[in-house]
$ cat target_30.cif   # mmCIF, C-alpha atoms and all ligand atoms
data_work
#
loop_
_atom_site.label_atom_id
_atom_site.label_comp_id
_atom_site.auth_asym_id
_atom_site.auth_seq_id
_atom_site.Cartn_x
_atom_site.Cartn_y
_atom_site.Cartn_z
CA MET A 1 106.16 44.90 111.80
CA MET A 2 109.46 46.63 112.52
CA PRO A 3 109.63 48.34 115.91
CA ASP A 4 110.21 51.82 114.47
CA VAL A 5 107.08 51.58 112.31
CA MET A 6 104.97 50.31 115.19
CA ILE A 7 106.30 52.95 117.59
CA ALA A 8 105.38 55.67 115.09
CA GLU A 9 101.87 54.22 114.82
CA VAL A 10 101.56 54.15 118.59
CA ALA A 11 102.81 57.74 118.98
CA ALA A 12 100.19 58.94 116.50
CA ARG A 13 97.45 57.45 118.70
CA VAL A 14 98.57 58.79 122.08
CA PRO A 15 95.89 61.24 123.29
CA ASP A 16 96.92 64.81 124.06
CA SER A 17 96.25 64.23 127.76
CA LEU A 18 99.16 61.78 127.74
CA GLY A 19 101.24 63.73 125.22
CA ALA A 20 104.14 64.21 127.65
CA TYR A 21 104.91 60.51 127.18
CA ARG A 22 104.31 60.26 123.42
CA GLY A 23 108.03 59.79 122.81
CA SER A 24 108.94 57.76 125.86
CA VAL A 25 109.61 54.60 123.85
CA ALA A 26 111.98 54.69 120.88
CA VAL A 27 114.21 52.46 118.81
CA GLY A 28 117.94 52.50 119.11
CA PRO A 29 120.89 52.28 121.40
CA GLY A 30 120.19 55.78 122.74
CA GLY A 31 122.71 58.38 123.82
CA PRO A 32 125.93 57.80 125.72
CA GLY A 33 124.06 57.66 129.03
CA ALA A 34 121.70 54.87 127.99
CA ARG A 35 122.07 51.65 129.89
CA SER A 36 120.48 48.23 129.41
CA LEU A 37 117.99 47.22 132.08
CA THR A 38 119.83 43.98 132.67
CA ALA A 39 122.99 45.98 133.48
CA LEU A 40 121.13 47.48 136.46
CA ARG A 41 121.31 44.09 138.18
CA ASP A 42 124.87 45.13 139.03
CA PRO A 43 124.51 47.03 142.34
CA ALA A 44 127.14 49.59 141.33
CA ALA A 45 125.34 50.30 138.05
CA PHE A 46 122.00 50.61 139.84
CA ASP A 47 123.47 53.04 142.38
CA ALA A 48 125.05 55.11 139.60
CA THR A 49 121.71 55.25 137.79
CA LEU A 50 119.98 56.59 140.90
CA ALA A 51 122.75 59.03 141.77
CA ALA A 52 121.54 62.14 139.94
CA PHE A 53 117.94 61.58 141.03
CA GLY A 54 118.92 61.12 144.64
CA ALA A 55 121.27 64.08 144.74
CA GLY A 56 118.39 66.51 145.10
CA PHE A 57 117.01 64.87 148.24
CA GLY A 58 120.03 64.57 150.48
CA VAL A 59 120.40 61.58 152.77
CA VAL A 60 117.18 59.56 152.65
CA ASP A 61 116.08 55.95 153.01
CA ARG A 62 117.01 54.27 149.74
CA ARG A 63 113.69 52.44 149.56
CA ILE A 64 111.82 55.76 149.53
CA LEU A 65 114.05 57.08 146.78
CA VAL A 66 113.61 53.97 144.63
CA SER A 67 109.84 54.01 145.12
CA TYR A 68 109.60 57.60 143.89
CA TRP A 69 112.04 56.95 141.02
CA SER A 70 109.96 53.96 139.94
CA GLN A 71 106.92 56.19 139.56
CA PHE A 72 108.69 58.08 136.77
CA TYR A 73 109.79 54.78 135.29
CA PHE A 74 106.25 53.40 135.16
CA ALA A 75 105.00 56.68 133.69
CA ALA A 76 107.47 56.41 130.80
CA LEU A 77 106.48 52.79 130.21
CA ALA A 78 102.71 52.91 130.62
CA THR A 79 101.56 55.32 127.91
CA PRO A 80 103.23 53.71 124.87
CA ALA A 81 102.73 50.16 126.15
CA LEU A 82 99.00 50.57 126.82
CA THR A 83 98.37 52.69 123.72
CA ALA A 84 99.77 49.85 121.63
CA LEU A 85 97.51 47.32 123.33
CA VAL A 86 94.33 49.43 123.35
CA CYS A 87 94.62 51.12 119.96
CA LEU A 88 96.52 48.57 117.90
CA GLY A 89 95.75 45.36 119.76
CA ARG A 90 99.46 44.52 119.77
CA ALA A 91 102.30 44.60 122.27
CA LEU A 92 105.39 46.73 121.85
CA PRO A 93 108.62 44.68 122.04
CA LEU A 94 109.44 45.84 125.58
CA ALA A 95 110.89 42.71 127.11
CA PHE A 96 113.05 43.65 130.10
CA GLU A 97 115.95 41.63 128.75
CA THR A 98 116.16 43.60 125.50
CA THR A 99 115.24 47.12 126.63
CA SER A 100 117.49 50.02 127.63
CA LEU A 101 116.82 53.13 129.68
CA GLU A 102 117.62 56.80 129.24
CA LEU A 103 117.38 59.35 132.04
CA ASP A 104 116.64 63.05 131.82
CA ASP A 105 118.90 65.74 133.27
CA ALA A 106 117.36 65.25 136.72
CA GLY A 107 118.03 61.52 136.69
CA ARG A 108 114.38 60.60 136.12
CA PRO A 109 113.56 57.70 133.78
CA ALA A 110 112.61 59.44 130.55
CA ARG A 111 112.77 57.00 127.66
CA LEU A 112 112.84 53.26 127.05
CA LEU A 113 114.79 52.03 124.07
CA VAL A 114 114.07 48.86 122.13
CA ALA A 115 116.53 47.18 119.82
CA ALA A 116 115.88 47.55 116.09
CA ASP A 117 115.58 43.76 115.80
CA ALA A 118 113.56 43.36 119.01
CA ALA A 119 110.52 42.03 117.19
CA GLN A 120 112.56 39.02 116.15
CA ALA A 121 114.05 38.48 119.61
CA PRO A 122 113.21 35.12 121.18
CA CYS A 123 112.17 36.73 124.47
CA GLY A 124 109.41 38.89 123.01
CA VAL A 125 106.34 40.15 124.83
CA ALA A 126 103.17 38.06 124.83
CA PRO A 127 99.91 39.87 123.99
CA GLY A 128 98.09 41.87 126.62
CA LEU A 129 98.95 43.61 129.85
CA GLY A 130 99.57 40.17 131.34
CA GLY A 131 102.36 39.76 128.82
CA LEU A 132 103.89 43.07 129.86
CA VAL A 133 103.67 42.02 133.50
CA ALA A 134 105.56 38.81 132.84
CA ALA A 135 108.12 40.17 130.41
CA HIS A 136 108.84 43.56 131.94
CA LEU A 137 107.06 44.60 135.12
CA ALA A 138 107.87 41.51 137.18
CA PRO A 139 111.61 41.62 136.39
CA PHE A 140 111.65 45.37 137.09
CA VAL A 141 109.94 44.90 140.46
CA ALA A 142 112.40 42.12 141.27
CA LEU A 143 115.29 44.41 140.31
CA CYS A 144 114.21 47.25 142.59
CA HIS A 145 113.40 44.89 145.46
CA GLY A 146 116.73 43.16 145.11
CA GLN A 147 118.73 46.38 145.04
CA CYS A 148 117.23 48.11 148.06
CA GLY A 149 114.75 45.82 149.83
CA LEU A 150 111.70 47.87 148.87
CA ALA A 151 108.59 45.70 149.28
CA PRO A 152 107.26 44.46 145.93
CA ARG A 153 103.71 45.43 146.91
CA VAL A 154 104.80 49.09 147.05
CA LEU A 155 106.19 48.82 143.53
CA TRP A 156 103.10 47.03 142.24
CA GLY A 157 101.02 49.82 143.75
CA ASN A 158 103.09 52.42 141.92
CA ALA A 159 102.65 50.54 138.66
CA ALA A 160 98.93 50.06 139.19
CA VAL A 161 98.25 53.74 139.91
CA ILE A 162 99.89 54.82 136.68
CA LEU A 163 98.58 52.02 134.49
CA ASP A 164 95.06 52.59 135.82
CA HIS A 165 95.29 56.30 135.02
CA VAL A 166 96.63 55.71 131.51
CA ALA A 167 94.04 53.02 130.80
CA GLY A 168 91.34 55.47 131.81
CA GLU A 169 92.73 58.20 129.55
CA LEU A 170 92.79 55.73 126.67
CA GLY A 171 89.21 54.71 127.29
CA ALA A 172 90.13 51.12 128.03
CA GLY A 173 86.83 50.47 129.78
CA LYS A 174 83.29 50.22 128.48
CA LEU A 175 83.53 53.66 126.87
CA GLY A 176 86.61 52.60 124.97
CA MET A 177 84.87 49.58 123.55
CA GLU A 178 82.05 51.83 122.37
CA LEU A 179 84.68 54.05 120.77
CA GLY A 180 85.97 51.11 118.78
CA ARG A 181 88.97 50.22 120.90
CA ASP A 182 90.26 46.69 120.71
CA ALA A 183 87.61 45.05 122.90
CA PRO A 184 89.51 41.89 123.93
CA ALA A 185 92.54 44.02 124.80
CA CYS A 186 90.42 46.41 126.88
CA ALA A 187 88.81 43.53 128.78
CA GLU A 188 92.18 41.94 129.47
CA ILE A 189 93.65 45.24 130.72
CA ALA A 190 90.64 45.83 132.96
CA ALA A 191 91.03 42.34 134.45
CA CYS A 192 94.76 42.82 135.06
CA LEU A 193 93.99 46.09 136.87
CA GLY A 194 91.35 44.49 139.06
CA ARG A 195 88.45 46.12 137.27
CA GLY A 196 86.96 43.12 135.51
CA ALA A 197 86.85 39.36 135.58
CA PRO A 198 89.69 37.86 137.61
CA PRO A 199 92.87 37.77 135.53
CA CYS A 200 94.19 34.37 134.64
CA GLY A 201 97.62 33.60 135.95
CA PRO A 202 99.08 34.19 139.40
CA GLY A 203 101.73 36.50 138.00
CA VAL A 204 99.18 39.25 137.42
CA MET A 205 97.57 39.12 140.87
CA PRO A 206 99.98 41.53 142.61
CA LEU A 207 99.02 44.16 140.05
CA ALA A 208 95.31 43.34 140.06
CA ARG A 209 95.15 43.58 143.86
CA ALA A 210 97.26 46.71 144.25
CA LEU A 211 94.36 49.18 144.31
CA CYS A 212 91.06 49.16 146.16
CA PRO A 213 87.93 51.33 146.21
CA GLY A 214 88.37 54.68 147.92
CA ALA A 215 86.10 57.57 148.83
CA GLY A 216 83.92 59.09 146.13
CA GLY A 217 84.28 56.21 143.72
CA CYS A 218 88.02 56.76 143.24
CA ARG A 219 90.53 53.99 143.66
CA ARG A 220 93.40 54.22 146.11
CA ARG A 221 96.56 52.37 147.02
CA ARG A 222 96.46 49.48 149.43
CA VAL A 223 99.90 50.38 150.77
CA CYS A 224 101.78 53.64 151.21
CA CYS A 225 104.26 54.52 148.45
CA LEU A 226 106.53 56.35 150.91
CA ARG A 227 107.03 59.42 148.72
CA SER A 228 106.06 61.86 151.46
CA GLY A 229 109.33 60.90 153.13
CA LEU A 230 111.18 62.95 150.52
CA PRO A 231 111.57 66.68 151.10
CA GLY A 232 109.41 68.82 148.83
CA VAL A 233 107.47 65.93 147.28
CA PRO A 234 103.68 66.33 147.41
CA SER A 235 101.42 63.75 149.00
CA CYS A 236 99.39 61.23 147.06
CA GLY A 237 96.09 62.98 147.79
CA ALA A 238 93.06 60.78 147.18
CA LEU A 239 95.29 57.81 146.33
CA CYS A 240 96.58 57.64 149.90
CA PRO A 241 95.53 54.54 151.86
CA ARG A 242 95.78 56.47 155.09
CA GLU A 243 93.47 59.17 153.77
CA CYS A 244 96.08 61.54 155.11
CA GLY A 245 95.45 64.19 152.49
CA ALA A 246 97.81 66.93 151.47
CA GLY A 247 100.86 67.42 153.56
CA ALA A 248 100.62 64.22 155.53
CA GLY A 249 102.81 61.20 155.16
S1 LIG B 1 100.34 60.54 150.91
FE1 LIG B 1 99.76 58.58 151.87
S2 LIG B 1 100.40 56.99 150.39
FE2 LIG B 1 101.44 58.88 149.80
S3 LIG B 1 103.40 58.74 150.87
FE3 LIG B 1 102.02 59.89 152.24
S4 LIG B 1 101.15 58.35 153.63
FE4 LIG B 1 102.03 57.27 151.86
#

$ encode --input "target_30.cif" --output "C-alpha cells" --more "lines below"
Ligand code: SF4
Amino acid sequence: MMPDVMIAEVAARVPDSLGAYRGSVAVGPGGPGARSLTALRDPAAFDATLAAFGAGFGVVDRRILVSYWSQFYFAALATPALTALVCLGRALPLAFETTSLELDDAGRPARLLVAADAAQAPCGVAPGLGGLVAAHLAPFVALCHGQCGLAPRVLWGNAAVILDHVAGELGAGKLGMELGRDAPACAEIAACLGRGAPPCGPGVMPLARALCPGAGGCRRRRVCCLRSGLPGVPSCGALCPRECGAGAG
C-alpha cells in the first residue's frame, strides 16, 4: 500500500480525543523548513532546529530544553504510529533514516514526513511497537543523547508517557480487543509498554521499564523529565516520580 493511502486510512481512524495529532504524519518533502532526521546528527543542524523552541526560555540547561522538546516530538509520532498498529495492524513507514521533520511557528515538532516511496525502502519498519522502537525511537534517543548528554532513560520516560496515553485512548488493552482492535498488535503494544507479558528483545526494555505504578492506580515516571526547570512550564502532576505535585520540580 502506498504511504499516502495508508496515512489517509490511519487519519480516518484517529479518535477525536487525539484529533490534534490526526495530521502529524504526512507524505512528502514538506515545506522549506523541513529537515531530514539524519541531518540532525550534525550538531549545527540540531542546534538550529532547537533555536526557535529555546528562544522563549532564555538561558537554560540544554538537556532540559531537549527533554521538553522531545515530548512534543513523541506526541507527533505516537498518535499516527499507534493508530496504524492498533486499527490497521500495520506499521507506518516511519524509519528514522527516511523520515523528515517539520516544526511549527514556536519551534515545536509538528509533523513527520515520509517519502512517497518509503514503503519500498530497504530500511522499513518491522511490525509492532517493537519495530518502531528499533527503527525510530532508539535512533532518536541516541540522537538527543549524543547532542546534549541527556540521559536516555529520561527520553524513554518521555516516550513511554505519551505512548501509554495514546494506547489507552485507542483502547489498546483488553477493552480494545473487545472492540475488535487488532488483538496481536494490542498485546504486543501492551508488552512493550510494560503492561503485559515481558517484551521479547532487549531493545524494547528501556521503554517497557520507563513507567511504574503510582498512587491511585495511575502510572508514573521512574525518573524526572526535568521540565519544571523551564520557566512557565507546568509540572508533571501525577506522573512525577517525586510526587512533588503542581509547582514543584
Ligand atoms: S514535576 Fe516531577 S517529574 Fe516533572 S519535572 Fe518536576 S520533579 Fe521532574

$ residues_near_ligand --input "target_30.cif" --ligand "ligand LIG 1 (chain B)" --cutoff "12 Å" --atoms "all atoms listed in the file" --output "ChimeraX atom specification"
/A:64-65,67-68,71,154,157-158,161,211,220-249

$ atom_distance --input "target_30.cif" --atom1 "atom CA of A:Pro3" --atom2 "atom CA of A:Ala116"
6.3 Å

$ axis_aligned_box --input "target_30.cif" --around "stretch 102-112 of chain A" --padding-each-side "6 Å" --output "AutoDock Vina command-line options"
--center_x 115.8 --center_y 59.5 --center_z 131.9 --size_x 18.3 --size_y 24.5 --size_z 21.7

$ residues_near_point --input "target_30.cif" --point "(111.9, 54.1, 135.5)" --cutoff "10 Å" --atoms "all atoms listed in the file" --output "PyMOL selection string"
chain A and resi 37+66-77+101-103+107-112+140

$ write_last_selection --input "target_30.cif" --atoms "C-alpha atoms" --output "PDB file, keeping the file's coordinate frame"
ATOM      1  CA  LEU A  37     117.990  47.220 132.080  1.00  0.00           C
ATOM      2  CA  VAL A  66     113.610  53.970 144.630  1.00  0.00           C
ATOM      3  CA  SER A  67     109.840  54.010 145.120  1.00  0.00           C
ATOM      4  CA  TYR A  68     109.600  57.600 143.890  1.00  0.00           C
ATOM      5  CA  TRP A  69     112.040  56.950 141.020  1.00  0.00           C
ATOM      6  CA  SER A  70     109.960  53.960 139.940  1.00  0.00           C
ATOM      7  CA  GLN A  71     106.920  56.190 139.560  1.00  0.00           C
ATOM      8  CA  PHE A  72     108.690  58.080 136.770  1.00  0.00           C
ATOM      9  CA  TYR A  73     109.790  54.780 135.290  1.00  0.00           C
ATOM     10  CA  PHE A  74     106.250  53.400 135.160  1.00  0.00           C
ATOM     11  CA  ALA A  75     105.000  56.680 133.690  1.00  0.00           C
ATOM     12  CA  ALA A  76     107.470  56.410 130.800  1.00  0.00           C
ATOM     13  CA  LEU A  77     106.480  52.790 130.210  1.00  0.00           C
ATOM     14  CA  LEU A 101     116.820  53.130 129.680  1.00  0.00           C
ATOM     15  CA  GLU A 102     117.620  56.800 129.240  1.00  0.00           C
ATOM     16  CA  LEU A 103     117.380  59.350 132.040  1.00  0.00           C
ATOM     17  CA  GLY A 107     118.030  61.520 136.690  1.00  0.00           C
ATOM     18  CA  ARG A 108     114.380  60.600 136.120  1.00  0.00           C
ATOM     19  CA  PRO A 109     113.560  57.700 133.780  1.00  0.00           C
ATOM     20  CA  ALA A 110     112.610  59.440 130.550  1.00  0.00           C
ATOM     21  CA  ARG A 111     112.770  57.000 127.660  1.00  0.00           C
ATOM     22  CA  LEU A 112     112.840  53.260 127.050  1.00  0.00           C
ATOM     23  CA  PHE A 140     111.650  45.370 137.090  1.00  0.00           C
TER      24      PHE A 140
END

$ atom_distance --input "target_30.cif" --atom1 "atom CA of A:Arg62" --atom2 "atom CA of A:Arg153"
16.2 Å

$ closest_residue --input "target_30.cif" --among "A:Leu155, A:Leu113, A:Ile189, A:Leu92" --to "A:Met1" --atoms "only C-alpha atoms"
A:Leu92

$ closest_residue --input "target_30.cif" --among "A:Ala44, A:Ala26, A:Val60, A:Leu88" --to "A:Val10" --atoms "all atoms listed in the file"
A:Leu88

$ closest_residue --input "target_30.cif" --among "A:Gly214, A:Gly168, A:Gly201, A:Gly89" --to "A:Ala134" --atoms "only C-alpha atoms"
A:Gly201

$ atom_distance --input "target_30.cif" --atom1 "atom CA of A:Ala138" --atom2 "atom CA of A:Ala126"
13.7 Å

$ closest_residue --input "target_30.cif" --among "A:Asp164, A:Asp104, A:Asp16, A:Glu97" --to "A:Thr38" --atoms "only C-alpha atoms"
A:Glu97

$ closest_residue --input "target_30.cif" --among "A:Leu94, A:Ala51, A:Ile7, A:Leu40" --to "A:Leu137" --atoms "all atoms listed in the file"
A:Leu94

$ closest_residue --input "target_30.cif" --among "A:Thr99, A:Thr83, A:Ser17, A:Thr49" --to "A:Cys186" --atoms "only C-alpha atoms"
A:Thr83

$ residues_around --input "target_30.cif" --residues "A:Asp47" --least-positions-apart "5" --cutoff "10 Å" --atoms "only C-alpha atoms" --output "VMD selection string"
chain A and resid 40 42 52 54 62 147 to 148

$ write_last_selection --input "target_30.cif" --atoms "C-alpha atoms" --output "CSV table (one decimal), in the frame of the given file"
chain,number,residue,atom,x,y,z
A,40,LEU,CA,121.1,47.5,136.5
A,42,ASP,CA,124.9,45.1,139.0
A,52,ALA,CA,121.5,62.1,139.9
A,54,GLY,CA,118.9,61.1,144.6
A,62,ARG,CA,117.0,54.3,149.7
A,147,GLN,CA,118.7,46.4,145.0
A,148,CYS,CA,117.2,48.1,148.1

$ residues_near_point --input "target_30.cif" --point "(98.1, 46.7, 141.8)" --cutoff "6 Å" --atoms "only C-alpha atoms" --output "ChimeraX atom specification"
/A:156-157,160,206-211

$ decode --input "target_30.cif" --residues "stretch 56-132 of chain A" --atoms "C-alpha atoms" --output "PDB file, in the first residue's frame"
ATOM      1  CA  GLY A  56      11.290  31.510  24.602  1.00  0.00           C
ATOM      2  CA  PHE A  57      13.076  30.132  27.665  1.00  0.00           C
ATOM      3  CA  GLY A  58      16.226  32.197  27.849  1.00  0.00           C
ATOM      4  CA  VAL A  59      19.455  30.611  29.052  1.00  0.00           C
ATOM      5  CA  VAL A  60      18.678  27.119  30.344  1.00  0.00           C
ATOM      6  CA  ASP A  61      20.408  23.758  30.622  1.00  0.00           C
ATOM      7  CA  ARG A  62      20.310  22.267  27.139  1.00  0.00           C
ATOM      8  CA  ARG A  63      19.334  18.848  28.468  1.00  0.00           C
ATOM      9  CA  ILE A  64      16.167  20.305  29.997  1.00  0.00           C
ATOM     10  CA  LEU A  65      15.297  22.019  26.745  1.00  0.00           C
ATOM     11  CA  VAL A  66      15.824  18.868  24.684  1.00  0.00           C
ATOM     12  CA  SER A  67      13.777  16.775  27.115  1.00  0.00           C
ATOM     13  CA  TYR A  68      10.808  19.135  26.830  1.00  0.00           C
ATOM     14  CA  TRP A  69      11.200  19.432  23.037  1.00  0.00           C
ATOM     15  CA  SER A  70      11.220  15.640  22.763  1.00  0.00           C
ATOM     16  CA  GLN A  71       7.832  15.486  24.450  1.00  0.00           C
ATOM     17  CA  PHE A  72       6.309  17.366  21.504  1.00  0.00           C
ATOM     18  CA  TYR A  73       8.226  15.114  19.136  1.00  0.00           C
ATOM     19  CA  PHE A  74       6.867  11.933  20.695  1.00  0.00           C
ATOM     20  CA  ALA A  75       3.361  13.400  20.701  1.00  0.00           C
ATOM     21  CA  ALA A  76       3.523  13.993  16.939  1.00  0.00           C
ATOM     22  CA  LEU A  77       4.831  10.472  16.376  1.00  0.00           C
ATOM     23  CA  ALA A  78       2.696   8.432  18.760  1.00  0.00           C
ATOM     24  CA  THR A  79      -0.853   9.006  17.536  1.00  0.00           C
ATOM     25  CA  PRO A  80      -0.428   8.055  13.855  1.00  0.00           C
ATOM     26  CA  ALA A  81       2.090   5.301  14.590  1.00  0.00           C
ATOM     27  CA  LEU A  82      -0.061   3.569  17.209  1.00  0.00           C
ATOM     28  CA  THR A  83      -3.321   4.130  15.340  1.00  0.00           C
ATOM     29  CA  ALA A  84      -1.820   2.287  12.387  1.00  0.00           C
ATOM     30  CA  LEU A  85      -0.772  -0.622  14.586  1.00  0.00           C
ATOM     31  CA  VAL A  86      -3.957  -0.864  16.656  1.00  0.00           C
ATOM     32  CA  CYS A  87      -6.564  -0.152  13.978  1.00  0.00           C
ATOM     33  CA  LEU A  88      -4.918  -1.471  10.824  1.00  0.00           C
ATOM     34  CA  GLY A  89      -2.466  -3.994  12.243  1.00  0.00           C
ATOM     35  CA  ARG A  90       0.288  -2.452  10.121  1.00  0.00           C
ATOM     36  CA  ALA A  91       3.241  -0.138  10.683  1.00  0.00           C
ATOM     37  CA  LEU A  92       3.585   3.242   9.035  1.00  0.00           C
ATOM     38  CA  PRO A  93       6.882   3.608   7.116  1.00  0.00           C
ATOM     39  CA  LEU A  94       8.482   5.791   9.797  1.00  0.00           C
ATOM     40  CA  ALA A  95      12.059   4.569   9.765  1.00  0.00           C
ATOM     41  CA  PHE A  96      14.320   7.246  11.240  1.00  0.00           C
ATOM     42  CA  GLU A  97      16.611   7.092   8.232  1.00  0.00           C
ATOM     43  CA  THR A  98      13.863   8.009   5.756  1.00  0.00           C
ATOM     44  CA  THR A  99      11.743  10.446   7.776  1.00  0.00           C
ATOM     45  CA  SER A 100      11.839  14.245   7.881  1.00  0.00           C
ATOM     46  CA  LEU A 101      10.588  16.724  10.460  1.00  0.00           C
ATOM     47  CA  GLU A 102       8.608  19.940  10.269  1.00  0.00           C
ATOM     48  CA  LEU A 103       8.344  22.408  13.147  1.00  0.00           C
ATOM     49  CA  ASP A 104       5.526  24.782  13.979  1.00  0.00           C
ATOM     50  CA  ASP A 105       5.996  28.527  14.415  1.00  0.00           C
ATOM     51  CA  ALA A 106       7.134  28.019  18.012  1.00  0.00           C
ATOM     52  CA  GLY A 107       9.796  25.520  17.005  1.00  0.00           C
ATOM     53  CA  ARG A 108       7.869  22.526  18.332  1.00  0.00           C
ATOM     54  CA  PRO A 109       7.939  19.266  16.359  1.00  0.00           C
ATOM     55  CA  ALA A 110       4.649  19.316  14.488  1.00  0.00           C
ATOM     56  CA  ARG A 111       4.754  16.868  11.595  1.00  0.00           C
ATOM     57  CA  LEU A 112       6.762  13.875  10.437  1.00  0.00           C
ATOM     58  CA  LEU A 113       7.153  13.396   6.715  1.00  0.00           C
ATOM     59  CA  VAL A 114       7.660  10.075   4.970  1.00  0.00           C
ATOM     60  CA  ALA A 115       8.981   9.708   1.455  1.00  0.00           C
ATOM     61  CA  ALA A 116       6.445   8.768  -1.219  1.00  0.00           C
ATOM     62  CA  ASP A 117       8.433   5.595  -1.932  1.00  0.00           C
ATOM     63  CA  ALA A 118       9.111   4.820   1.743  1.00  0.00           C
ATOM     64  CA  ALA A 119       7.152   1.573   1.646  1.00  0.00           C
ATOM     65  CA  GLN A 120       9.688   0.219  -0.810  1.00  0.00           C
ATOM     66  CA  ALA A 121      12.689   1.460   1.165  1.00  0.00           C
ATOM     67  CA  PRO A 122      15.043  -1.283   2.345  1.00  0.00           C
ATOM     68  CA  CYS A 123      15.125   0.101   5.900  1.00  0.00           C
ATOM     69  CA  GLY A 124      11.392  -0.192   6.527  1.00  0.00           C
ATOM     70  CA  VAL A 125       9.704  -0.617   9.896  1.00  0.00           C
ATOM     71  CA  ALA A 126       9.067  -4.111  11.242  1.00  0.00           C
ATOM     72  CA  PRO A 127       5.569  -4.824  12.594  1.00  0.00           C
ATOM     73  CA  GLY A 128       4.599  -3.759  16.086  1.00  0.00           C
ATOM     74  CA  LEU A 129       5.711  -1.168  18.590  1.00  0.00           C
ATOM     75  CA  GLY A 130       8.953  -3.129  18.908  1.00  0.00           C
ATOM     76  CA  GLY A 131       9.591  -2.362  15.261  1.00  0.00           C
ATOM     77  CA  LEU A 132       9.032   1.336  15.856  1.00  0.00           C
TER      78      LEU A 132
END
